[in-house]
Amino acid sequence: VGKDVADELALLQAEVPADAPGGAARTVEAQLGKPMSELYGSFDPEPFASGSVAQVHRATLSDGTVVAVKVLHDGADAKVREDLELLEALAAFLESEDAEIARLRPTVLVAEFAGMMEAAIDLREELANLQRFRLNFAGEPDVVIPEPFPDQSGEKVVTMAMMVGHPFTDRASVQAAGWDVEVLVRRAADVYLEMIFRDGLYHADPHPGNFLLPDSQHLAILDFGDVGRLTTQRREQLESLVIAVGTRDVDAFVDIVVELTTPPPDVDMPALRSAIETWLNRYLLVG
């Protein structure tokens, strides 16, 4: 998309304009049915980060535990649903009017996106995801998942342990945390392979703002509003795909790609297989 557009889109990670002062506290009290003084020992009214659907405030619990309180932007749920309705109508129109676009199945893509966005604006989903991922990585102490606090969480608010550390943005920031870049890359790749092939549940929003390096031994993962789930069948297909690449089995790779993508019946299969084989040999089977 080019640097200018990429830089602008990066602002959505944590620099979206925050709600009017006091709005987050009112949302929290309305959601949890208690005054802020009973819910938290302290609550900073100024968010330290504001993303596309929610903003995050620093707070403490009554016992002094430092926490991050994620609060849905005022009206974000209604705005998201309005936009999704527009996308669904546009996708249906294009699919009915343009045969070439219909081949891309835009209504299916929009439906998948809508499912992700509905989960993103219900912070009870994030609470459940935090609990699940903490269980999945309980045996790997170098992977840090924030501890959630269910009593201070609801549909529009989720409270979790505060994470601090170095950003995961470039080589310099990684080295400043004490990590060797290659070691971190391998460990991060291993973590994602475990999510996909072991758990069938993976963090689906891996931009730099969602990772921190607390020190040279730990990798913290943040924001579990967007996660992906894989069926047993899909995991087996992906395993076969990886094996095909590892064994340089072009025919098996092509068969799995066709199975995964279920191309329309009018697709020129010999041409498709030829194109996939050319791409595979050019980019994955070199060296």
# chains A, B, ... in the order shown; residues from 1 in each chain; ligands from 1

call {"tool": "residues_around", "arguments": {"residues": "Asp44 of chain A", "least_positions_apart": "4", "cutoff": "9 Å", "atoms": "only C-alpha atoms", "output": "ChimeraX atom specification"}}
result
/A:48,57-59

call {"tool": "write_last_selection", "arguments": {"atoms": "all heavy atoms", "output": "CSV table (one decimal), in the first residue's frame"}}
result
chain,number,residue,atom,x,y,z
A,48,PHE,N,-3.9,5.2,28.0
A,48,PHE,CA,-2.5,5.2,27.5
A,48,PHE,C,-2.4,4.6,26.1
A,48,PHE,O,-1.4,4.7,25.5
A,48,PHE,CB,-1.6,4.5,28.5
A,48,PHE,CG,-1.8,3.0,28.6
A,48,PHE,CD1,-1.2,2.1,27.7
A,48,PHE,CD2,-2.6,2.5,29.7
A,48,PHE,CE1,-1.4,0.7,27.9
A,48,PHE,CE2,-2.8,1.2,29.8
A,48,PHE,CZ,-2.2,0.3,28.9
A,57,HIS,N,-6.9,1.8,29.8
A,57,HIS,CA,-6.6,2.7,30.9
A,57,HIS,C,-5.8,1.9,31.9
A,57,HIS,O,-6.0,0.7,32.2
A,57,HIS,CB,-7.9,3.2,31.6
A,57,HIS,CG,-8.8,4.1,30.7
A,57,HIS,ND1,-8.8,5.4,30.9
A,57,HIS,CD2,-9.6,3.7,29.6
A,57,HIS,CE1,-9.7,5.9,30.0
A,57,HIS,NE2,-10.1,4.9,29.2
A,58,ARG,N,-4.9,2.7,32.5
A,58,ARG,CA,-4.1,2.1,33.7
A,58,ARG,C,-5.0,2.2,34.9
A,58,ARG,O,-5.6,3.3,35.2
A,58,ARG,CB,-2.8,2.9,33.8
A,58,ARG,CG,-1.8,2.3,34.8
A,58,ARG,CD,-0.6,3.2,34.9
A,58,ARG,NE,0.0,3.5,33.6
A,58,ARG,CZ,0.8,2.7,32.9
A,58,ARG,NH1,1.3,1.6,33.5
A,58,ARG,NH2,1.3,3.1,31.7
A,59,ALA,N,-4.9,1.2,35.8
A,59,ALA,CA,-5.7,1.2,37.0
A,59,ALA,C,-5.0,0.3,38.0
A,59,ALA,O,-4.0,-0.4,37.7
A,59,ALA,CB,-7.1,0.7,36.7

call {"tool": "residues_around", "arguments": {"residues": "Leu213 of chain A", "least_positions_apart": "5", "cutoff": "7 Å", "atoms": "only C-alpha atoms", "output": "compact mmCIF listing (two decimals) with N, CA, C and O atoms, in the first residue's frame"}}
result
# COMPACT_ATOMS: atom_id res chain seq x y z
N GLY A 165 7.23 -3.51 29.00
CA GLY A 165 8.41 -4.04 28.34
C GLY A 165 8.80 -3.23 27.12
O GLY A 165 8.21 -2.18 26.83
N HIS A 166 9.78 -3.73 26.41
CA HIS A 166 10.25 -3.07 25.19
C HIS A 166 9.31 -3.40 24.03
O HIS A 166 8.75 -4.51 23.97
N PRO A 167 9.15 -2.47 23.09
CA PRO A 167 8.31 -2.76 21.92
C PRO A 167 8.98 -3.80 21.01
O PRO A 167 10.18 -4.03 21.07
N PHE A 168 8.15 -4.40 20.18
CA PHE A 168 8.60 -5.45 19.25
C PHE A 168 8.46 -4.88 17.84
O PHE A 168 7.66 -5.38 17.04
N ALA A 177 16.01 -4.95 24.35
CA ALA A 177 15.42 -5.80 25.38
C ALA A 177 16.35 -6.93 25.80
O ALA A 177 16.05 -7.67 26.74
N HIS A 218 11.62 -13.31 28.09
CA HIS A 218 10.17 -13.46 28.01
C HIS A 218 9.58 -12.70 26.82
O HIS A 218 10.07 -11.63 26.45
N LEU A 219 8.52 -13.30 26.26
CA LEU A 219 7.75 -12.70 25.17
C LEU A 219 6.31 -12.56 25.64
O LEU A 219 5.67 -13.56 25.97
N ALA A 220 5.82 -11.33 25.70
CA ALA A 220 4.44 -11.09 26.13
C ALA A 220 3.55 -10.84 24.93
O ALA A 220 3.92 -10.10 24.01

call {"tool": "select_by_dssp", "arguments": {"residues": "segment 139-231 of chain A", "states": "helix (DSSP H, G or I)", "output": "MDAnalysis selection string"}}
result
chainID A and resid 150:152 171:176 181:199 208:210

call {"tool": "write_last_selection", "arguments": {"atoms": "N, CA, C and O atoms", "output": "CSV table (one decimal), in the first residue's frame"}}
result
chain,number,residue,atom,x,y,z
A,150,PRO,N,-12.1,-11.6,35.9
A,150,PRO,CA,-13.5,-11.7,35.5
A,150,PRO,C,-14.4,-10.8,36.3
A,150,PRO,O,-15.4,-10.4,35.7
A,151,ASP,N,-14.2,-10.6,37.6
A,151,ASP,CA,-15.1,-9.7,38.3
A,151,ASP,C,-15.1,-8.3,37.9
A,151,ASP,O,-16.0,-7.6,38.2
A,152,GLN,N,-14.1,-7.9,37.1
A,152,GLN,CA,-14.0,-6.5,36.6
A,152,GLN,C,-14.1,-6.6,35.1
A,152,GLN,O,-13.5,-5.7,34.4
A,171,ARG,N,14.7,-4.2,14.7
A,171,ARG,CA,15.9,-4.9,15.3
A,171,ARG,C,16.5,-4.2,16.5
A,171,ARG,O,16.8,-4.8,17.5
A,172,ALA,N,16.5,-2.9,16.5
A,172,ALA,CA,17.0,-2.1,17.6
A,172,ALA,C,16.2,-2.3,18.8
A,172,ALA,O,16.8,-2.4,19.9
A,173,SER,N,14.9,-2.3,18.7
A,173,SER,CA,14.1,-2.5,19.9
A,173,SER,C,14.2,-3.9,20.5
A,173,SER,O,14.2,-4.0,21.7
A,174,VAL,N,14.3,-4.8,19.6
A,174,VAL,CA,14.5,-6.2,20.1
A,174,VAL,C,15.9,-6.4,20.8
A,174,VAL,O,15.9,-6.9,21.9
A,175,GLN,N,16.9,-5.8,20.3
A,175,GLN,CA,18.2,-5.9,20.9
A,175,GLN,C,18.3,-5.1,22.2
A,175,GLN,O,18.9,-5.5,23.2
A,176,ALA,N,17.5,-4.0,22.3
A,176,ALA,CA,17.5,-3.2,23.5
A,176,ALA,C,16.9,-4.0,24.7
A,176,ALA,O,17.2,-3.8,25.8
A,181,VAL,N,18.1,-11.3,17.8
A,181,VAL,CA,17.0,-11.2,16.9
A,181,VAL,C,16.6,-12.6,16.3
A,181,VAL,O,15.5,-12.9,16.3
A,182,GLU,N,17.6,-13.3,15.9
A,182,GLU,CA,17.3,-14.6,15.3
A,182,GLU,C,16.7,-15.6,16.3
A,182,GLU,O,15.8,-16.3,15.9
A,183,VAL,N,17.2,-15.5,17.5
A,183,VAL,CA,16.6,-16.4,18.6
A,183,VAL,C,15.1,-16.0,18.8
A,183,VAL,O,14.2,-16.9,18.9
A,184,LEU,N,14.8,-14.7,18.8
A,184,LEU,CA,13.4,-14.3,19.0
A,184,LEU,C,12.5,-14.7,17.8
A,184,LEU,O,11.4,-15.1,18.0
A,185,VAL,N,13.1,-14.5,16.6
A,185,VAL,CA,12.3,-14.9,15.4
A,185,VAL,C,11.9,-16.4,15.5
A,185,VAL,O,10.8,-16.8,15.2
A,186,ARG,N,12.9,-17.2,15.9
A,186,ARG,CA,12.6,-18.7,15.9
A,186,ARG,C,11.6,-19.0,17.0
A,186,ARG,O,10.7,-19.8,16.8
A,187,ARG,N,11.8,-18.3,18.2
A,187,ARG,CA,10.9,-18.6,19.3
A,187,ARG,C,9.5,-18.2,18.9
A,187,ARG,O,8.5,-18.9,19.2
A,188,ALA,N,9.3,-17.0,18.3
A,188,ALA,CA,8.0,-16.5,17.9
A,188,ALA,C,7.4,-17.4,16.9
A,188,ALA,O,6.2,-17.7,17.0
A,189,ALA,N,8.2,-17.9,16.0
A,189,ALA,CA,7.6,-18.9,15.0
A,189,ALA,C,7.2,-20.2,15.7
A,189,ALA,O,6.1,-20.7,15.3
A,190,ASP,N,8.0,-20.6,16.6
A,190,ASP,CA,7.6,-21.8,17.4
A,190,ASP,C,6.3,-21.6,18.1
A,190,ASP,O,5.4,-22.5,18.1
A,191,VAL,N,6.1,-20.5,18.7
A,191,VAL,CA,4.9,-20.2,19.4
A,191,VAL,C,3.7,-20.2,18.5
A,191,VAL,O,2.6,-20.8,18.8
A,192,TYR,N,3.8,-19.7,17.3
A,192,TYR,CA,2.7,-19.7,16.4
A,192,TYR,C,2.4,-21.1,15.8
A,192,TYR,O,1.3,-21.5,15.6
A,193,LEU,N,3.5,-21.8,15.6
A,193,LEU,CA,3.3,-23.2,15.2
A,193,LEU,C,2.5,-24.0,16.3
A,193,LEU,O,1.7,-24.9,15.9
A,194,GLU,N,2.9,-23.8,17.5
A,194,GLU,CA,2.1,-24.4,18.6
A,194,GLU,C,0.7,-24.0,18.6
A,194,GLU,O,-0.2,-24.9,18.8
A,195,MET,N,0.4,-22.8,18.5
A,195,MET,CA,-1.0,-22.3,18.4
A,195,MET,C,-1.8,-23.0,17.3
A,195,MET,O,-2.9,-23.5,17.6
A,196,ILE,N,-1.1,-23.1,16.2
A,196,ILE,CA,-1.9,-23.6,15.0
A,196,ILE,C,-2.0,-25.2,15.1
A,196,ILE,O,-3.1,-25.7,15.0
A,197,PHE,N,-0.8,-25.8,15.2
A,197,PHE,CA,-0.8,-27.3,15.1
A,197,PHE,C,-1.1,-28.0,16.4
A,197,PHE,O,-1.7,-29.1,16.4
A,198,ARG,N,-0.8,-27.4,17.5
A,198,ARG,CA,-1.1,-28.1,18.8
A,198,ARG,C,-2.5,-27.8,19.3
A,198,ARG,O,-3.2,-28.6,19.8
A,199,ASP,N,-2.8,-26.4,19.3
A,199,ASP,CA,-4.0,-26.0,20.0
A,199,ASP,C,-5.2,-25.7,19.0
A,199,ASP,O,-6.3,-25.7,19.5
A,208,PRO,N,2.9,-5.3,15.5
A,208,PRO,CA,3.9,-5.0,16.6
A,208,PRO,C,3.3,-4.5,17.9
A,208,PRO,O,3.9,-4.7,19.0
A,209,GLY,N,2.2,-3.8,17.8
A,209,GLY,CA,1.7,-3.2,19.0
A,209,GLY,C,1.1,-4.3,20.0
A,209,GLY,O,0.8,-4.0,21.1
A,210,ASN,N,1.0,-5.5,19.5
A,210,ASN,CA,0.4,-6.5,20.4
A,210,ASN,C,1.5,-7.5,21.0
A,210,ASN,O,1.1,-8.6,21.4

call {"tool": "select_by_dssp", "arguments": {"residues": "segment 71-279 of chain A", "states": "strand (DSSP E or B)", "output": "count of residues only"}}
result
27

call {"tool": "closest_residue", "arguments": {"among": "A:Leu280, A:Leu230, A:Met116, A:Met36", "to": "Asp249 of chain A", "atoms": "only C-alpha atoms"}}
result
A:Leu280
